[in-house]
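*Asks:* There's a structure below that I have some questions on.
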Amino acid sequence: MSEPSRYEPAAIEARWQRRWQELRLDATPADSDGRPPFYALSMFPYPSGTLHMGHVRNYVITDVIARLQRLRGHAVLHPMGWDGFGLPAENAAIERGSDPAEWTDRNIAQMRAQLQRLGLSIDWEREVATCHADYYRWTQWLFLQFLDAGLAYRGEALVNWDPVDQTVLANEQVDGEGRSWRSGALVEKRRLRQWFLRITAYAGELLDDLPKLEGWPERVRTMQANWIGRSTGAELQFPLLDADGQPSGEHLTVFTTRPETVYGASYVVLAPEHGLVASLTSADRRQNVTAFIDLVGRQSEQERTAEDRPKRGVPIGAHVRNPASGEVIPLWIADYVLADYGTGVVMGVPAHDQRDFLFARQYELPVRQVIIPEGSDEHAFEGGAWLENGVMIHSGPYDGLASPEAKQRIVADAEAAGWGRARLQYRLRDWLISRQRYWGCPIPVIHCPSCGVVPVPEDQLPVRLPTGLRLEGRGGSPLAKLEDWVAVPCPECGAAARRETDTMDTFMCSSWYYLRYADAHNDSLPFERAAVDRWLPVDQYVGGIEHAILHLLYSRFFTRVLRDRGLLGFDEPFARLLTQGMVQAITYRNPHTGRYVAPADVVDANDPRDPVDGQRLEVSFDKMSKSKHNGVDPGAVIERYGADTARMFILFKAPPEKDLEWEDADVEGQFRFLQRIWRLVEAAQARGLSLAAAGVEGDAAAVELTEPERELRRAVHTAIQEVSADLLGSLQCNTAVSELMKLANAMATHLEAVGEPVAREALRSLLLLLAPFAPHLAEELWQRLHGHTSDAPQADGAAFESVHRQRWPQLDEAALRRDTIPLVIQVKGKVRGSLEVPADCDAATLERLALASEVAERWLEGRPPRRVIVVPGKLVNLVP
RNA sequence: GGGAGCGUGCCGGAAUCGGUAGACGGACUCGACUCAAAAUCGAGCGCCUUCGGGCAUGUGGGUUCGAGUCCCACCGCUCCCACCA
């Protein structure tokens, strides 16, 4: 026998990747394929040029699912593409004078090569890039569908302005601290005319359908529900009085979630930005009001909305009549009222709203209690508003009613009397999609002085992004300065007109890419309906939690609009969603200087010191980032250990949805495990075992088995059962890998002692179960066991029997059965011993055996138990 | 303030329905092999113990023959929303 060979992943992986590619093993089967379709999808990356561990984790999880589903007999669509538009390309252009298109394409090529080294079973024929004209043409086409449906509009609003990126942002793109999701800059509010998509028209459906998304994490559904934020309440109209106190015929409409407190409204407040403030303000108040508005205008968004901030306001010298009580009450403006929620006008009910209470305290406005706690006529609030339900008082005909009942009646009566109506209010705002930047999809409309906004005719799409610009990063959209590009005749009347120079939010491009994969080369439509209806909804979507609201909400919206346009036939784009956790790495920080030290510069991991000043370093696990010098390069890991080890490690180290701590020692551990499998197969080969001559799968079951054979078969079929359950159920890749380890352990123990049929079954099963996780090693060992050496993989012309083209192993329930099982004996719920008993004993027999056992004798001291609980197959509990 | 999730050995993490807590891996300790080291193989590895056992899944109660799992209260951490009327 020759020297045992070593497991050298580099050569193996390159060879099989080439071979699989030649044979187009990962091609998506034709639509006519009889197998049931399965769509496995990863969130596509921004082509930054470098693959990081977060990407690796994302795509490896999806790849395991895709490979498993192929083995299980599905026709699998597993595509990849590029979220190609965006600011980094443009910023690189500004800093280095590069061309964003070239920069992006170069990055795509680089990242594609990095991805391919991971051995992902991606169908690269369906690759898309949102920044290529054959894609963005259809993004524009879809925009025109929105326009035609009345769901895209240009409107003036207070919008978020990112002073660093010099563009506006959607609400979803500003984080909880009021910072831009991209630049991290504090956003400013500006009143601008911009393009919006009317996502609010679908707010109700987007919210109501969330419970149907059973395959989504609860967390994501809750986040979306919070974001959409429905409030149930009413709009009430307060008649305006003129300077003489007579009804002017006009009224102010407020939104309230507590219409039952209307008798307690002692003032009405408008947002300072409200459009009617100027005309309602009396002459003698004008100066104060203007000064106040000015003051509020200078506050940042942060200052304005901080909850603990004192509420400020001024009366504007006008009055309204409380529509319920008839009382004349003053109009105020105040900084705690938001212009863009509800109607921008609030009724002040100090007794029953904490904000109104504080405001009334400050300005000595009357506090009128209209609800008291049940069974009490006491004042229910001391130093704060009474927010609970109770019994109505001081509310005319509603006195004595329970407040929920009064709520319904007041709304009904107000509606009948014409001064109110029930109303749902959403927190969700329309989606601001225009961006004053160059590297995005041009909005395909033309502004004509006489025809207004005119869509670019379909046959003139795409509106191509002009190339060869000098980008400076200042002074508004670069496109606006291109007179040649901007000046066009109006498509309707032919008069001189101007192109829209804003580009689209890149989230527009990513809101439909999953549809394009189903029909990636269609050049007459974005996609054929039959193709998307066949593949979608996506069976399993995998991506980061950071898109819980952004991309995932936008995509749900897009899908519904396209459904209503008849372009597709389903409601939800993603049936199952897995949000994978972050990949974190060990991070060293000098607590004195605040500087981060790269792990490579730390000499002794047990006593980490800053090489500069010898300061003891703080150790933590943090998200990998350049600034923390804690990044681990996937390329380097693959080079050292191979893609299979990287894949196995990342799957095993933590459950997919949890954060994962990258640790080199554990990577070594995974490499050792794959080496064990290598040696296991090698030892089997040395024994003359081969799969080439293997008979049918049931072979091993047919013969009379020895005890080790039965044990090994039990291990094999336990692994088949557990790995299948882990992957098909809640995607527990980590426990699936541990089941593979258990099987390998059992094989190391028993393989030498078993006959050929059982050994072959074990080897075959191990490699098939391993195939989704470590596809290269599984293929190499599979081929070797079929008599194809690595130097001469296969005779030309012979059919290539890849491990990835086999069927997932069949579970043989009979192999799991045992003759005897350990019966646990408990006394009063505590384990006191166990007894080997025949597996098929009935409850009465188990009870008898337990009572006769030494354990019973010892612990019961001769007294018969008061009670005996028998759990067949598991335990007997004796209760004295 | 509202909502969601989570607390298990030294560490990552296992534990269908309430039924032997700590699978699997890492780290560590000891042993074999080696001139030596690495690799490999074997053993040990929650805490206490008078070696009978006792105590252990954030804390305190409860339900149950039996609780990591169910219920109540509390403590701590993470995330989302938040002057949203």
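Going by the structure tokens order, chains are called A, B, ..., each with residues numbered from 1, while ligands are numbered from 1 in the order shown.
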Given a cut-off of 10 Å, which residues of chain B touch chain A, counting only C-alpha atoms (C1' of nucleotides), written out as a list of chain:residue names?
*Replies:*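 Filtering chain B at 10 Å from chain A with only C-alpha atoms (C1' of nucleotides) gives B:G1, B:G2, B:G3, B:A4, B:G5, B:G12, B:G13, B:A14, B:G19, B:U20, B:A23, B:C24, B:G25, B:G26, B:A27, B:A39, B:C65, B:G66, B:C79, B:C80, B:C81, B:A82, B:C83, B:C84, B:A85.
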*Asks:* Just the residues within 12 Å of stretch 606-611 of chain A, please, counting only C-alpha atoms (C1' of nucleotides), with nothing from its chain fewer than 4 positions along; format it as a list in words.
*Replies:*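 My reading of the contact set: Ile586, Thr587, Tyr588, Arg589, Asn590, Pro591, His592, Thr593, Gly594, Arg595, Tyr596, Val597, Ala598, Pro599, Ala600, Asp601, Val602, Gln615, Arg616, Leu617, Glu618, Val619 and Ser620 of chain A.
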*Asks:* When you look at stretch 292-296 of chain A with a cut-off of 10 Å (counting only C-alpha atoms (C1' of nucleotides)), what residues show up, excluding the ones that are within fewer than 6 positions of it in the same chain? I need them as a list in words.
*Replies:*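 Listed by chain and then number, they are Ala271, Pro272, Glu273, Val277, Arg286, Glu303, Arg304, Arg312, Gly313, Val314, Ile333, Ala334 and Asp335 of chain A.
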*Asks:* Could you please write out, as a ChimeraX atom specification, every residue of stretch 168-326 of chain A that DSSP assigns to alpha helix (DSSP H)?
*Replies:* /A:203-208,218-228,277-280,286-298,301-305
*Asks:* Could you give me, as a list in words, the residues within 9 Å of B:G58, counting only C-alpha atoms (C1' of nucleotides) and dropping anything in the same chain fewer than 5 positions from it?
*Replies:*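 In the requested format, the answer is G7, C75 and G76 of chain B.
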*Asks:* For those residues, write N, CA and C atoms (P, O5', C5', C4', C3', O3' and C1' of nucleotides) to a file as an mmCIF file, in the first residue's frame.
*Replies:*
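Output below, filename part_24.cif:
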data_model
loop_
_atom_site.group_PDB
_atom_site.id
_atom_site.type_symbol
_atom_site.label_atom_id
_atom_site.label_comp_id
_atom_site.auth_asym_id
_atom_site.auth_seq_id
_atom_site.Cartn_x
_atom_site.Cartn_y
_atom_site.Cartn_z
ATOM 1 P P G B 7 -32.149 31.758 26.077
ATOM 2 O "O5'" G B 7 -31.036 32.543 26.901
ATOM 3 C "C5'" G B 7 -30.654 32.274 27.994
ATOM 4 C "C4'" G B 7 -29.614 33.171 28.579
ATOM 5 C "C3'" G B 7 -29.223 32.634 29.941
ATOM 6 O "O3'" G B 7 -27.906 32.970 30.275
ATOM 7 C "C1'" G B 7 -30.401 34.705 30.165
ATOM 8 P P C B 75 -37.371 44.955 38.419
ATOM 9 O "O5'" C B 75 -35.954 44.240 38.309
ATOM 10 C "C5'" C B 75 -35.072 44.220 39.426
ATOM 11 C "C4'" C B 75 -33.851 43.399 39.096
ATOM 12 C "C3'" C B 75 -33.165 43.734 37.780
ATOM 13 O "O3'" C B 75 -32.335 44.873 37.880
ATOM 14 C "C1'" C B 75 -33.408 41.394 37.941
ATOM 15 P P G B 76 -32.160 45.821 36.589
ATOM 16 O "O5'" G B 76 -31.256 44.934 35.626
ATOM 17 C "C5'" G B 76 -29.919 44.625 35.973
ATOM 18 C "C4'" G B 76 -29.343 43.631 35.008
ATOM 19 C "C3'" G B 76 -29.368 44.043 33.545
ATOM 20 O "O3'" G B 76 -28.334 44.941 33.215
ATOM 21 C "C1'" G B 76 -30.121 41.814 33.738
#
*Asks:* Write out as a PyMOL selection string the residues lying within 10 Å of A:Ala149, counting only C-alpha atoms (C1' of nucleotides) and excluding same-chain residues fewer than 5 positions away.
*Replies:* chain A and resi 143-144+561+564-565
*Asks:* Produce a file of the selected residues containing all heavy atoms, as a PDB file, in the first residue's frame.
*Replies:*
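Contents of the output file again_0.pdb:
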ATOM      1  N   PHE A 143     -41.204  51.856 -12.912  1.00  0.00           N
ATOM      2  CA  PHE A 143     -41.527  53.180 -12.369  1.00  0.00           C
ATOM      3  C   PHE A 143     -42.710  53.773 -13.138  1.00  0.00           C
ATOM      4  O   PHE A 143     -43.630  54.349 -12.542  1.00  0.00           O
ATOM      5  CB  PHE A 143     -40.316  54.112 -12.463  1.00  0.00           C
ATOM      6  CG  PHE A 143     -40.639  55.531 -12.063  1.00  0.00           C
ATOM      7  CD1 PHE A 143     -40.578  55.923 -10.740  1.00  0.00           C
ATOM      8  CD2 PHE A 143     -41.029  56.465 -13.024  1.00  0.00           C
ATOM      9  CE1 PHE A 143     -40.896  57.225 -10.371  1.00  0.00           C
ATOM     10  CE2 PHE A 143     -41.361  57.767 -12.667  1.00  0.00           C
ATOM     11  CZ  PHE A 143     -41.296  58.149 -11.331  1.00  0.00           C
ATOM     12  N   LEU A 144     -42.684  53.606 -14.457  1.00  0.00           N
ATOM     13  CA  LEU A 144     -43.789  54.151 -15.268  1.00  0.00           C
ATOM     14  C   LEU A 144     -45.107  53.432 -14.945  1.00  0.00           C
ATOM     15  O   LEU A 144     -46.174  54.036 -15.035  1.00  0.00           O
ATOM     16  CB  LEU A 144     -43.458  54.044 -16.757  1.00  0.00           C
ATOM     17  CG  LEU A 144     -42.264  54.904 -17.210  1.00  0.00           C
ATOM     18  CD1 LEU A 144     -41.989  54.718 -18.696  1.00  0.00           C
ATOM     19  CD2 LEU A 144     -42.494  56.381 -16.883  1.00  0.00           C
ATOM     20  N   VAL A 561     -48.126  45.949  -5.730  1.00  0.00           N
ATOM     21  CA  VAL A 561     -48.467  46.857  -6.841  1.00  0.00           C
ATOM     22  C   VAL A 561     -48.433  46.088  -8.169  1.00  0.00           C
ATOM     23  O   VAL A 561     -49.350  46.199  -8.989  1.00  0.00           O
ATOM     24  CB  VAL A 561     -47.502  48.060  -6.870  1.00  0.00           C
ATOM     25  CG1 VAL A 561     -47.735  48.895  -8.119  1.00  0.00           C
ATOM     26  CG2 VAL A 561     -47.670  48.908  -5.610  1.00  0.00           C
ATOM     27  N   ASP A 564     -51.413  44.003  -8.556  1.00  0.00           N
ATOM     28  CA  ASP A 564     -52.600  44.773  -8.925  1.00  0.00           C
ATOM     29  C   ASP A 564     -52.535  45.267 -10.363  1.00  0.00           C
ATOM     30  O   ASP A 564     -53.559  45.608 -10.950  1.00  0.00           O
ATOM     31  CB  ASP A 564     -52.796  45.942  -7.948  1.00  0.00           C
ATOM     32  CG  ASP A 564     -53.193  45.459  -6.552  1.00  0.00           C
ATOM     33  OD1 ASP A 564     -53.582  44.272  -6.435  1.00  0.00           O
ATOM     34  OD2 ASP A 564     -53.110  46.246  -5.599  1.00  0.00           O
ATOM     35  N   ARG A 565     -51.335  45.293 -10.929  1.00  0.00           N
ATOM     36  CA  ARG A 565     -51.194  45.635 -12.353  1.00  0.00           C
ATOM     37  C   ARG A 565     -51.323  44.390 -13.220  1.00  0.00           C
ATOM     38  O   ARG A 565     -51.128  44.458 -14.440  1.00  0.00           O
ATOM     39  CB  ARG A 565     -49.833  46.277 -12.639  1.00  0.00           C
ATOM     40  CG  ARG A 565     -49.569  47.572 -11.890  1.00  0.00           C
ATOM     41  CD  ARG A 565     -50.377  48.731 -12.376  1.00  0.00           C
ATOM     42  NE  ARG A 565     -49.971  49.193 -13.715  1.00  0.00           N
ATOM     43  CZ  ARG A 565     -50.546  50.195 -14.365  1.00  0.00           C
ATOM     44  NH1 ARG A 565     -51.564  50.838 -13.803  1.00  0.00           N
ATOM     45  NH2 ARG A 565     -50.135  50.553 -15.563  1.00  0.00           N
TER      46      ARG A 565
END
